[in-house]
Every structure is written in C-alpha cells, then in structure tokens.
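Engineer: Data file structure_5.pdb (PDB, C-alpha atoms) is appended below.
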```pdb
ATOM      1  CA  MET T   1      19.435  12.920  -0.571
ATOM      2  CA  ASN T   2      16.141  12.599  -2.449
ATOM      3  CA  LEU T   3      13.191  10.827  -0.856
ATOM      4  CA  ARG T   4       9.639  10.025  -1.786
ATOM      5  CA  ILE T   5       7.372  10.469   1.252
ATOM      6  CA  LEU T   6       3.846   9.087   1.617
ATOM      7  CA  TYR T   7       1.276   9.931   4.308
ATOM      8  CA  PHE T   8      -1.813   7.896   5.099
ATOM      9  CA  ALA T   9      -5.183   8.078   6.845
ATOM     10  CA  ARG T  10      -5.622  10.637   9.650
ATOM     11  CA  LEU T  11      -2.095  11.936   9.112
ATOM     12  CA  ARG T  12      -2.692  12.521   5.377
ATOM     13  CA  GLU T  13      -5.855  14.468   6.173
ATOM     14  CA  ALA T  14      -4.237  16.537   8.916
ATOM     15  CA  LEU T  15      -1.288  17.501   6.691
ATOM     16  CA  GLY T  16      -3.361  17.914   3.532
ATOM     17  CA  VAL T  17      -0.656  16.009   1.623
ATOM     18  CA  ALA T  18      -0.721  12.398   0.348
ATOM     19  CA  LYS T  19       2.793  12.288  -1.115
ATOM     20  CA  GLU T  20       5.756  14.490  -1.914
ATOM     21  CA  GLU T  21       9.314  14.333  -3.199
ATOM     22  CA  ILE T  22      11.789  15.996  -0.870
ATOM     23  CA  SER T  23      15.492  16.650  -0.747
ATOM     24  CA  VAL T  24      17.212  16.544   2.639
ATOM     25  CA  ALA T  25      20.786  16.991   3.842
ATOM     26  CA  ASP T  26      22.830  13.766   4.073
ATOM     27  CA  GLY T  27      22.811  14.136   7.869
ATOM     28  CA  VAL T  28      19.065  13.415   7.872
ATOM     29  CA  ALA T  29      19.552   9.658   7.519
ATOM     30  CA  ASP T  30      17.144   7.972   9.922
ATOM     31  CA  ILE T  31      13.423   8.135  10.671
ATOM     32  CA  GLN T  32      13.908  10.074  13.907
ATOM     33  CA  ALA T  33      15.933  12.745  12.108
ATOM     34  CA  LEU T  34      13.454  12.917   9.241
ATOM     35  CA  MET T  35      10.575  13.403  11.693
ATOM     36  CA  ALA T  36      12.468  16.280  13.324
ATOM     37  CA  TRP T  37      13.119  17.734   9.845
ATOM     38  CA  LEU T  38       9.400  17.555   8.991
ATOM     39  CA  ALA T  39       8.367  18.947  12.400
ATOM     40  CA  ALA T  40      10.608  21.968  11.745
ATOM     41  CA  ARG T  41       8.187  23.032   9.019
ATOM     42  CA  GLY T  42       6.040  24.273  11.914
ATOM     43  CA  GLY T  43       2.271  24.465  12.283
ATOM     44  CA  VAL T  44       0.481  21.189  11.707
ATOM     45  CA  TRP T  45       3.824  19.494  10.824
ATOM     46  CA  GLN T  46       5.149  20.372  14.261
ATOM     47  CA  GLN T  47       1.966  19.011  15.864
ATOM     48  CA  GLU T  48       2.098  15.730  13.971
ATOM     49  CA  PHE T  49       5.838  14.977  13.993
ATOM     50  CA  ALA T  50       6.973  16.299  17.382
ATOM     51  CA  GLY T  51       6.201  12.978  19.055
ATOM     52  CA  CYS T  52       2.873  13.751  20.730
ATOM     53  CA  ARG T  53       0.819  11.391  18.601
ATOM     54  CA  PRO T  54       1.702   7.772  17.850
ATOM     55  CA  LEU T  55       3.103   7.307  14.328
ATOM     56  CA  ARG T  56       4.466   4.323  12.452
ATOM     57  CA  ALA T  57       7.054   4.489   9.681
ATOM     58  CA  ALA T  58       7.941   2.272   6.738
ATOM     59  CA  VAL T  59      11.004   2.306   4.494
ATOM     60  CA  ASN T  60      10.466   0.797   1.049
ATOM     61  CA  GLN T  61       7.209  -0.728   2.283
ATOM     62  CA  GLU T  62       8.716  -2.458   5.333
ATOM     63  CA  LEU T  63       7.632  -1.423   8.837
ATOM     64  CA  VAL T  64      10.661  -0.005  10.687
ATOM     65  CA  ALA T  65      11.722   1.436  14.040
ATOM     66  CA  ASN T  66      12.484   5.154  14.376
ATOM     67  CA  SER T  67      16.206   4.348  14.416
ATOM     68  CA  ALA T  68      16.028   2.853  10.891
ATOM     69  CA  ASN T  69      18.249   4.347   8.201
ATOM     70  CA  PHE T  70      17.385   5.064   4.586
ATOM     71  CA  LYS T  71      19.198   6.163   1.473
ATOM     72  CA  THR T  72      18.560   8.393  -1.485
ATOM     73  CA  GLY T  73      15.717   7.219  -3.707
ATOM     74  CA  ASP T  74      13.920   5.376  -0.896
ATOM     75  CA  GLU T  75      10.169   5.451  -0.333
ATOM     76  CA  ILE T  76       9.322   6.474   3.227
ATOM     77  CA  ALA T  77       5.788   6.282   4.599
ATOM     78  CA  PHE T  78       4.293   7.714   7.796
ATOM     79  CA  PHE T  79       0.953   6.618   9.158
ATOM     80  CA  PRO T  80      -1.070   6.192  12.373
ATOM     81  CA  PRO T  81      -1.206   2.777  14.086
ATOM     82  CA  VAL T  82      -3.154   0.440  11.818
ATOM     83  CA  THR T  83      -6.834  -0.401  12.350
ATOM     84  CA  GLY T  84      -7.794  -3.013   9.753
ATOM     85  CA  GLY T  85      -9.522  -6.352  10.188
TER
ATOM     86  CA  MET S   1      -1.596 -19.240  -0.576
ATOM     87  CA  ALA S   2      -3.554 -16.198  -1.643
ATOM     88  CA  VAL S   3      -3.810 -12.620  -0.440
ATOM     89  CA  ARG S   4      -6.417 -10.404  -2.035
ATOM     90  CA  ILE S   5      -7.369  -6.785  -1.409
ATOM     91  CA  GLN S   6     -10.558  -5.777  -3.160
ATOM     92  CA  HIS S   7     -13.593  -3.499  -3.166
ATOM     93  CA  GLU S   8     -15.989  -6.337  -4.009
ATOM     94  CA  ASP S   9     -17.638  -8.628  -1.502
ATOM     95  CA  PHE S  10     -16.376 -12.222  -1.152
ATOM     96  CA  ASP S  11     -18.016 -15.632  -0.891
ATOM     97  CA  ALA S  12     -16.651 -17.228   2.290
ATOM     98  CA  GLY S  13     -18.365 -20.524   1.501
ATOM     99  CA  ALA S  14     -16.707 -20.754  -1.898
ATOM    100  CA  GLU S  15     -13.251 -20.003  -0.435
ATOM    101  CA  ILE S  16     -13.732 -22.596   2.319
ATOM    102  CA  ALA S  17     -14.868 -25.188  -0.237
ATOM    103  CA  ARG S  18     -11.868 -24.447  -2.471
ATOM    104  CA  LEU S  19      -9.369 -25.098   0.337
ATOM    105  CA  ARG S  20     -11.357 -28.055   1.685
ATOM    106  CA  LEU S  21     -11.438 -29.815  -1.695
ATOM    107  CA  ALA S  22      -7.896 -28.925  -2.799
ATOM    108  CA  ARG S  23      -6.380 -32.089  -1.333
ATOM    109  CA  PRO S  24      -7.916 -35.185   0.186
ATOM    110  CA  ASP S  25      -5.536 -35.307   3.165
ATOM    111  CA  THR S  26      -7.168 -32.097   4.486
ATOM    112  CA  GLY S  27      -8.952 -32.810   7.749
ATOM    113  CA  ALA S  28      -9.711 -29.326   9.019
ATOM    114  CA  VAL S  29     -10.556 -25.885   7.648
ATOM    115  CA  ALA S  30     -10.809 -22.922  10.052
ATOM    116  CA  ALA S  31     -12.288 -19.602   8.935
ATOM    117  CA  PHE S  32     -12.789 -16.129  10.369
ATOM    118  CA  VAL S  33     -15.081 -13.424   8.979
ATOM    119  CA  GLY S  34     -14.993  -9.848  10.297
ATOM    120  CA  GLN S  35     -17.891  -7.507   9.524
ATOM    121  CA  VAL S  36     -18.848  -3.865  10.027
ATOM    122  CA  ARG S  37     -20.740  -3.217  13.288
ATOM    123  CA  ASP S  38     -23.384  -0.511  13.589
ATOM    124  CA  ILE S  39     -21.966   0.695  16.914
ATOM    125  CA  ASN S  40     -18.442   1.535  18.135
ATOM    126  CA  ASP S  41     -17.202   3.363  21.246
ATOM    127  CA  GLY S  42     -20.740   4.363  22.154
ATOM    128  CA  ALA S  43     -21.623   5.965  18.815
ATOM    129  CA  SER S  44     -23.959   4.695  16.138
ATOM    130  CA  VAL S  45     -22.002   3.840  12.978
ATOM    131  CA  SER S  46     -23.688   4.197   9.573
ATOM    132  CA  GLY S  47     -20.649   3.190   7.509
ATOM    133  CA  MET S  48     -16.881   3.230   7.166
ATOM    134  CA  THR S  49     -14.153   3.833   4.618
ATOM    135  CA  LEU S  50     -11.142   1.538   4.569
ATOM    136  CA  GLU S  51      -7.847   2.928   3.323
ATOM    137  CA  TYR S  52      -4.699   0.904   2.603
ATOM    138  CA  TYR S  53      -1.131   1.283   1.313
ATOM    139  CA  PRO S  54      -1.020  -0.277  -2.177
ATOM    140  CA  GLY S  55       2.062  -2.460  -2.427
ATOM    141  CA  MET S  56       2.962  -2.561   1.252
ATOM    142  CA  THR S  57      -0.355  -3.979   2.453
ATOM    143  CA  GLU S  58      -0.107  -6.984   0.103
ATOM    144  CA  LYS S  59       3.514  -7.599   1.166
ATOM    145  CA  ALA S  60       2.636  -7.313   4.866
ATOM    146  CA  LEU S  61      -0.204  -9.834   4.536
ATOM    147  CA  GLU S  62       1.970 -12.248   2.554
ATOM    148  CA  ALA S  63       4.679 -12.005   5.221
ATOM    149  CA  ILE S  64       2.123 -12.743   7.967
ATOM    150  CA  VAL S  65       0.844 -15.821   6.111
ATOM    151  CA  GLU S  66       4.436 -16.984   5.584
ATOM    152  CA  GLN S  67       5.100 -16.676   9.322
ATOM    153  CA  ALA S  68       1.999 -18.772  10.032
ATOM    154  CA  ARG S  69       3.116 -21.424   7.528
ATOM    155  CA  ALA S  70       6.556 -21.556   9.107
ATOM    156  CA  ARG S  71       5.080 -21.973  12.569
ATOM    157  CA  TRP S  72       2.280 -24.483  11.971
ATOM    158  CA  ASP S  73       1.914 -27.459   9.697
ATOM    159  CA  ILE S  74      -0.887 -26.071   7.530
ATOM    160  CA  TYR S  75      -1.705 -26.760   3.885
ATOM    161  CA  ASP S  76      -3.019 -23.468   2.616
ATOM    162  CA  ALA S  77      -4.264 -20.056   3.723
ATOM    163  CA  VAL S  78      -6.372 -17.362   2.090
ATOM    164  CA  VAL S  79      -6.705 -13.774   3.269
ATOM    165  CA  ILE S  80      -9.211 -11.420   1.636
ATOM    166  CA  HIS S  81      -9.567  -7.840   2.918
ATOM    167  CA  ARG S  82     -11.973  -5.315   1.509
ATOM    168  CA  ILE S  83     -11.285  -1.604   1.009
ATOM    169  CA  GLY S  84     -13.381   1.451   0.187
ATOM    170  CA  GLU S  85     -16.827   2.228   1.575
ATOM    171  CA  LEU S  86     -18.615  -0.399   3.646
ATOM    172  CA  LYS S  87     -21.932  -0.414   5.522
ATOM    173  CA  PRO S  88     -22.915  -2.231   8.730
ATOM    174  CA  LEU S  89     -23.369  -5.990   8.206
ATOM    175  CA  GLU S  90     -20.992  -5.941   5.231
ATOM    176  CA  GLN S  91     -18.047  -8.332   5.390
ATOM    177  CA  ILE S  92     -14.600  -6.752   5.886
ATOM    178  CA  VAL S  93     -12.111  -9.580   6.130
ATOM    179  CA  LEU S  94     -11.862 -13.318   5.569
ATOM    180  CA  VAL S  95      -9.123 -15.681   6.747
ATOM    181  CA  VAL S  96      -9.328 -19.371   5.828
ATOM    182  CA  VAL S  97      -6.700 -21.942   6.829
ATOM    183  CA  SER S  98      -6.606 -25.651   5.961
ATOM    184  CA  GLY S  99      -4.572 -28.443   7.500
ATOM    185  CA  THR S 100      -4.630 -32.008   8.770
ATOM    186  CA  HIS S 101      -6.085 -31.246  12.210
ATOM    187  CA  ARG S 102      -8.073 -28.435  13.813
ATOM    188  CA  GLY S 103      -5.364 -27.373  16.270
ATOM    189  CA  GLU S 104      -3.014 -26.014  13.630
ATOM    190  CA  ALA S 105      -5.840 -24.557  11.541
ATOM    191  CA  PHE S 106      -7.434 -22.684  14.471
ATOM    192  CA  ALA S 107      -4.107 -21.389  15.764
ATOM    193  CA  ALA S 108      -2.831 -20.235  12.380
ATOM    194  CA  CYS S 109      -6.146 -18.527  11.585
ATOM    195  CA  GLU S 110      -6.096 -16.617  14.879
ATOM    196  CA  PHE S 111      -2.402 -15.760  14.510
ATOM    197  CA  ILE S 112      -2.998 -14.339  11.028
ATOM    198  CA  MET S 113      -5.866 -12.168  12.303
ATOM    199  CA  ASP S 114      -3.922 -10.939  15.347
ATOM    200  CA  TYR S 115      -0.979  -9.924  13.164
ATOM    201  CA  LEU S 116      -3.213  -8.433  10.468
ATOM    202  CA  LYS S 117      -4.857  -6.205  13.117
ATOM    203  CA  THR S 118      -1.511  -4.792  14.280
ATOM    204  CA  GLU S 119       0.855  -4.931  11.267
ATOM    205  CA  ALA S 120      -1.084  -4.735   8.005
ATOM    206  CA  PRO S 121      -1.529  -1.137   6.833
ATOM    207  CA  PHE S 122      -5.286  -0.610   6.801
ATOM    208  CA  TRP S 123      -7.106   2.311   8.406
ATOM    209  CA  LYS S 124     -10.802   2.702   9.162
ATOM    210  CA  LYS S 125     -12.692   5.965   9.102
ATOM    211  CA  GLU S 126     -16.186   5.685  10.548
ATOM    212  CA  THR S 127     -19.240   7.753   9.759
ATOM    213  CA  THR S 128     -21.175   8.201  13.016
ATOM    214  CA  THR S 129     -24.075  10.309  14.222
ATOM    215  CA  GLU S 130     -21.412  12.696  15.608
ATOM    216  CA  GLY S 131     -19.594  12.964  12.255
ATOM    217  CA  ALA S 132     -16.705  11.138  10.604
ATOM    218  CA  ARG S 133     -13.766   9.987  12.730
ATOM    219  CA  TRP S 134     -10.645   7.858  12.295
ATOM    220  CA  VAL S 135     -10.759   4.722  14.417
ATOM    221  CA  ASP S 136      -8.005   4.562  17.055
ATOM    222  CA  ALA S 137      -5.830   1.472  17.396
ATOM    223  CA  ARG S 138      -6.690  -0.674  20.443
ATOM    224  CA  SER S 139      -4.085  -1.750  22.991
ATOM    225  CA  SER S 140      -6.031  -5.033  23.351
ATOM    226  CA  ASP S 141      -5.017  -5.826  19.751
ATOM    227  CA  ASP S 142      -1.336  -5.343  20.659
ATOM    228  CA  GLN S 143      -1.825  -7.643  23.670
ATOM    229  CA  ALA S 144      -3.477 -10.263  21.435
ATOM    230  CA  LYS S 145      -0.437 -10.222  19.164
ATOM    231  CA  LEU S 146       2.093 -10.350  22.008
ATOM    232  CA  ARG S 147       0.728 -13.612  23.410
ATOM    233  CA  TRP S 148       2.067 -15.419  20.301
ATOM    234  CA  ASN S 149       5.599 -14.645  21.498
ATOM    235  CA  THR S 150       5.228 -17.252  24.230
ATOM    236  CA  GLU S 151       2.247 -19.480  23.360
ATOM    237  CA  ASN S 152       2.337 -22.336  20.918
TER
END
```
Kindly return the structure encoded in the file as structure tokens.
Structural biologist:
Amino acid sequence: MNLRILYFARLREALGVAKEEISVADGVADIQALMAWLAARGGVWQQEFAGCRPLRAAVNQELVANSANFKTGDEIAFFPPVTGG
Amino acid sequence: MAVRIQHEDFDAGAEIARLRLARPDTGAVAAFVGQVRDINDGASVSGMTLEYYPGMTEKALEAIVEQARARWDIYDAVVIHRIGELKPLEQIVLVVVSGTHRGEAFAACEFIMDYLKTEAPFWKKETTTEGARWVDARSSDDQAKLRWNTEN
C-alpha cells in the first residue's frame, strides 16, 4: 500500500521531514498501526510516534481518530494539536 | 460565505461594512479580531510564524462555518486568517457574522472562533527572548469548544 505522508509544525522540525511517499504492508491499515510502523524507525521517530507526545492525524485532509482506516493512494498527515486564532 | 487564508493584512471595517450592507434585513453584525501579543507564558514575544496545511485548513474552516450556519439563523460569515511572519499588534484572525438579531450573530461568531482554535490546522511558532518555541495547545480552548455540545 502506497501512502503520501505529511508532517507539520514542531513534528516536521523534529523529524527533519515535511513529506514522503512510503510503501507499507497491507496489514498497516489504520493510524495506530501506521504510528507504530513509523516509531519502529527508531531514534526521533520512536520519540515522536510512541505515544508520549500528543499528535493529531488527518486522512485525505479530514481530522480522524487513531482507529481510522486508510487505503492505498491516501494522503495522511500528522501534526501537533493546533494553535491558530 | 468566505474563508480566506493570506499573508496580507485585512481591513476589518471593510469586511464588516460589506456584510452589513449586503442585505437590508440585516440587523446585527458581530466581529472578532485576534492579534499578536508581545507576551506569552511569561516570556517577551517579538514575533511569530504561522504555519498551516494548504487544502485542509480551508476545508476545515469552511466546515466550521457550515456548522455555524446550520445551528443559527445567520445571513453570512467571513473568516480571514493570516499566515507567515507576524509582529506584536498585527492582526491574526477576523471572524464577522451577520444576521437579524445580535443573539445569533454573537453566538455564531464565538462558536466559529472556538472551533477554529481547536480544529483548524494552524500552528504558531513564537520568537521570544529565550529563543524560538512552538506554542502549546491550551486545554482551556478544548473546554471552550466542549461547552457548545450542551449550550444553545
């Protein structure tokens, strides 16, 4: 399954990556599983995706819960809680 | 209805006048302006950078305005949010809502701001005397949003 992943704000700076195209096994089909997959990269990825810091996720530009599913070709975004206004 | 995300400053008076004059059965226009403060969490702030998620941020704001329109009998709403580098005393955000009476206009304006603060993808990075830092989300903003689940 191919995914386009975007990172924003503090998370983007911590990871040093704004966006990437990844390919994951079909079993990695919800946000929770994708976060575990990213955390397994170790180092800063482990720190950011292991659940210690609050993160929000969006699938195709819609805010979703960590149980949300996605499919190949989707755009997934991870970012800290929002602070606009 | 209009949602705009822009680097440039905005003219709140012109936006208010536009909604006020759009239809003669308008009896009330409520507006909110947010601006950059020179102090936050005990540190002196010399400026901030506002980041957003092109595409999603516009959709999120449009969805929030739609929710407000579904909930209150309002005529029109405008949301303008600035991005990029801003200094203290610069305007950040404008919400203007028009309707027949003040009750709906006030409520919808406040609802839009409360939802914008917690659901619209914007992030602030402040420049302070102690260096640059990302602003943390406030639990008081979540509480402000939650009250709309019960209040009318």
Engineer: Work out how far apart CA of Val65 in chain S and CA of Ala120 in chain S are and give it in Å to one decimal.
Structural biologist: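 Distance reported for this atom pair: 11.4 Å.
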Engineer: Need to verify the contact set: range 96-100 of chain S, 7 Å, only C-alpha atoms, exclusion of same-chain residues closer than 4 positions in sequence. Can you return it as a list in words?
Structural biologist: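 That gives Ile16, Leu19, Arg20, Asp25, Thr26, Gly27, Ala28, Val29, Ala30, Ala31, Phe32, Asp73, Ile74, Tyr75, Asp76, Ala77, Val78, Val79, Glu104, Ala105, Ala108 and Cys109 of chain S.
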Engineer: With 9 Å as the limit and counting all atoms listed in the file, what residues in chain T lie close to chain S? Please list them as a PyMOL selection string.
Structural biologist: chain T and resi 8-10+58+60-63+79-85
Engineer: Which residues are near Leu34 in chain T? Cut-off 10 Å, only C-alpha atoms, ignore same chain within fewer than 4 positions. Put them as a list of chain:residue names.
Structural biologist: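 The residues satisfying every condition are T:Val24, T:Ala25, T:Gly27, T:Val28, T:Ala29, T:Asp30, T:Leu38, T:Ala39, T:Ala40, T:Phe49, T:Asn66, T:Asn69, T:Phe70, T:Ile76.
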Engineer: Could you turn the residues from that selection into a file that holds C-alpha atoms, as an mmCIF file, keeping the file's coordinate frame?
Structural biologist:
```cif
data_model
loop_
_atom_site.group_PDB
_atom_site.id
_atom_site.type_symbol
_atom_site.label_atom_id
_atom_site.label_comp_id
_atom_site.auth_asym_id
_atom_site.auth_seq_id
_atom_site.Cartn_x
_atom_site.Cartn_y
_atom_site.Cartn_z
ATOM 1 C CA VAL T 24 17.212 16.544 2.639
ATOM 2 C CA ALA T 25 20.786 16.991 3.842
ATOM 3 C CA GLY T 27 22.811 14.136 7.869
ATOM 4 C CA VAL T 28 19.065 13.415 7.872
ATOM 5 C CA ALA T 29 19.552 9.658 7.519
ATOM 6 C CA ASP T 30 17.144 7.972 9.922
ATOM 7 C CA LEU T 38 9.400 17.555 8.991
ATOM 8 C CA ALA T 39 8.367 18.947 12.400
ATOM 9 C CA ALA T 40 10.608 21.968 11.745
ATOM 10 C CA PHE T 49 5.838 14.977 13.993
ATOM 11 C CA ASN T 66 12.484 5.154 14.376
ATOM 12 C CA ASN T 69 18.249 4.347 8.201
ATOM 13 C CA PHE T 70 17.385 5.064 4.586
ATOM 14 C CA ILE T 76 9.322 6.474 3.227
#
```
Engineer: Which residues are near Val17 in chain T? Cut-off 10 Å, all atoms listed in the file, ignore same chain within fewer than 4 positions. Put them as a list in words.
Structural biologist: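 Contacts, in chain order: Ile5, Leu6, Tyr7, Phe8, Leu11, Arg12 and Glu13 of chain T.
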Engineer: Please report the interatomic distance between CA of Gly131 in chain S and CA of Glu8 in chain S in Å with one decimal.
Structural biologist: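 For CA of Gly131 in chain S relative to CA of Glu8 in chain S, the distance reads 25.5 Å.
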Engineer: Measure the distance from CA of Leu15 in chain T to CA of Glu48 in chain T in Å and round it to one decimal.
Structural biologist: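 Atom-to-atom, CA of Leu15 in chain T to CA of Glu48 in chain T, that is 8.2 Å.
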Engineer: Any chance you could resolve the PyMOL selection byres ((chain T and resi 73) around 12) against this file and give the residues as a list of chain:residue names?
Structural biologist: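 In the shown coordinates, the PyMOL selection byres ((chain T and resi 73) around 12) covers T:Met1, T:Asn2, T:Leu3, T:Arg4, T:Ile5, T:Glu21, T:Ile22, T:Ser23, T:Val24, T:Val59, T:Asn60, T:Phe70, T:Lys71, T:Thr72, T:Asp74, T:Glu75, T:Ile76.
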